[in-house]
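Let me begin by presenting the structure, written as structure tokens, before commenting on it.
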Amino acid sequence: MRTVFTVNEQETEQIGYQLAKKMKGGETVALSGDLGAGKTVFTKGIAKGLNICSPILSPTFNIVREYQGRLKLYHFDFYRLTEVEELHEIGFEEYFQKDSVVVIEWAELFEQVLPKETISVQICYTEENEKERKILIAGEEEF
């Protein structure tokens with residue numbers, strides 16, 4: 001597990017960018033953390049690392065947004081889901097492709113549907129500084 005501290009959105013985005021530069025396709029990233037901790041900012045960095053130029057928006061009301069870069073990016077948000085059946089209804093399992101990356105905000109709500117090889121990213125506020133974030137990354141050593 002790797003621990004990184006960031007003090008602003010640009011640094012948080014940069015960590016996502018660095019992670020994405022290593023991606024070859026087929027990866028799943030599970031993001032967890034408090035509201036406003038930086039999950040969407042981290043995803044913006046992943047998108048940049050995948051050469052996606054479109055603005056990255058939170059998929060809270062859409063459940064999933066799709067972007068095209070050197071790999072497809074499927075950006076999910078489980079926050080408003082209440083039952084795992086909702087994921088089955090949208091064909092969640094079909095999004096896991098060799099030519100794509102799946103990023104899931106609030107992934108801890110339905111961990112049972114995540115692939116075994118999922119990269120886990122937890123973003124927390126630190127006690128020392130309300131702008132500082134502690135980012136814990138587990139599973140990235142697999143690629």
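Simple scheme: letters A, B, ... for chains in structure tokens order, numbers from 1 for residues in each chain, numbers from 1 for ligands in the order shown.
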
**Study point:** Contacts of segment 76-93 of chain A within 12 Å, only C-alpha atoms, excl. fewer than 6 positions in-chain, as a VMD selection string
**Key:** chain A and resid 28 to 35 39 to 40 43 56 to 67 101 to 115

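Listed by chain and then by rising number, the residues of chain A that DSSP assigns to alpha helix (DSSP H) from the backbone are Glu9, Gln10, Glu11, Thr12, Glu13, Gln14, Ile15, Gly16, Tyr17, Gln18, Leu19, Ala20, Lys21, Lys39, Thr40, Val41, Phe42, Thr43, Lys44, Gly45, Ile46, Ala47, Lys48, Gly49, Glu85, Glu86, Leu87, His88 and Glu89 of chain A.
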
Taking a cut-off of 8 Å and counting only C-alpha atoms, can you build a table that, for each residue of segment 20-128 of chain A near segment 2-13 of chain A, reports the nearest atom pair and how far apart they are in Å (one decimal), sorted by chain then residue number, as a Markdown table?
| residue | atom | partner | partner_atom | distance |
| --- | --- | --- | --- | --- |
| A:Gly38 | CA | A:Thr12 | CA | 7.2 |
| A:Val41 | CA | A:Glu13 | CA | 5.5 |
| A:Phe42 | CA | A:Glu13 | CA | 4.7 |
| A:Thr43 | CA | A:Glu13 | CA | 7.3 |
| A:Lys44 | CA | A:Glu13 | CA | 6.2 |
| A:Gly45 | CA | A:Glu13 | CA | 4.2 |
| A:Ile46 | CA | A:Glu13 | CA | 7.5 |

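Distances here use only C-alpha atoms; by that measure, the residue among A:Gln14, A:Ala20, A:Gly25, A:Glu127 closest to Tyr95 of chain A is A:Gly25.
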
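If you look at atom CA of Cys124 of chain A and atom CA of Gln97 of chain A, they are 29.5 Å away from each other.
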
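Shortest atom-to-atom contact with Arg70 of chain A among A:Thr118, A:Ser100, A:Ser54, A:Asn129: A:Ser100, counting only C-alpha atoms.
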
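Take atom CA of Leu50 of chain A and atom CA of Gln18 of chain A: the distance between them is 10.1 Å.
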
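With distances restricted to only C-alpha atoms, A:Ala37 is the closest residue to Glu132 of chain A from A:Ala37, A:Leu73, A:Ala47, A:Ile119.
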
Within 6 Å of Asn51 of chain A using only C-alpha atoms, minus same-chain residues under 2 positions, as a PDB file with all heavy atoms, in the first residue's frame:
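out11.pdb, written as the output of this step:
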ATOM      1  N   LYS A  48      -6.954  12.562 -17.490  1.00  0.00           N
ATOM      2  CA  LYS A  48      -5.814  13.216 -18.151  1.00  0.00           C
ATOM      3  C   LYS A  48      -4.755  12.195 -18.545  1.00  0.00           C
ATOM      4  O   LYS A  48      -4.189  12.254 -19.623  1.00  0.00           O
ATOM      5  CB  LYS A  48      -5.185  14.246 -17.217  1.00  0.00           C
ATOM      6  CG  LYS A  48      -5.572  15.645 -17.498  1.00  0.00           C
ATOM      7  CD  LYS A  48      -4.726  16.595 -16.668  1.00  0.00           C
ATOM      8  CE  LYS A  48      -5.389  17.929 -16.638  1.00  0.00           C
ATOM      9  NZ  LYS A  48      -4.730  18.883 -15.777  1.00  0.00           N
ATOM     10  N   GLY A  49      -4.493  11.253 -17.641  1.00  0.00           N
ATOM     11  CA  GLY A  49      -3.507  10.211 -17.912  1.00  0.00           C
ATOM     12  C   GLY A  49      -3.930   9.267 -19.020  1.00  0.00           C
ATOM     13  O   GLY A  49      -3.101   8.575 -19.605  1.00  0.00           O
ATOM     14  N   GLY A  69     -10.530   8.058 -24.657  1.00  0.00           N
ATOM     15  CA  GLY A  69      -9.153   8.515 -24.753  1.00  0.00           C
ATOM     16  C   GLY A  69      -8.337   7.378 -25.321  1.00  0.00           C
ATOM     17  O   GLY A  69      -8.838   6.603 -26.133  1.00  0.00           O
ATOM     18  N   ARG A  70      -7.089   7.198 -24.866  1.00  0.00           N
ATOM     19  CA  ARG A  70      -6.319   6.050 -25.344  1.00  0.00           C
ATOM     20  C   ARG A  70      -6.955   4.746 -24.873  1.00  0.00           C
ATOM     21  O   ARG A  70      -6.754   3.688 -25.473  1.00  0.00           O
ATOM     22  CB  ARG A  70      -4.851   6.143 -24.948  1.00  0.00           C
ATOM     23  CG  ARG A  70      -4.545   6.007 -23.504  1.00  0.00           C
ATOM     24  CD  ARG A  70      -3.033   6.019 -23.258  1.00  0.00           C
ATOM     25  NE  ARG A  70      -2.764   6.045 -21.855  1.00  0.00           N
ATOM     26  CZ  ARG A  70      -2.701   4.971 -21.081  1.00  0.00           C
ATOM     27  NH1 ARG A  70      -2.877   3.773 -21.605  1.00  0.00           N
ATOM     28  NH2 ARG A  70      -2.460   5.087 -19.784  1.00  0.00           N
TER      29      ARG A  70
END

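Considering only C-alpha atoms, the residue among A:Ile137, A:Ile123, A:Ile15, A:Leu71 positioned nearest to Glu27 of chain A is A:Leu71.
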
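For segment 71-116 of chain A, a DSSP pass over the backbone yields strand (DSSP E) at Lys72, Leu73, Tyr74, His75, Phe76, Asp77, Ser100, Val101, Val102, Val103, Ile104 and Glu105 of chain A.
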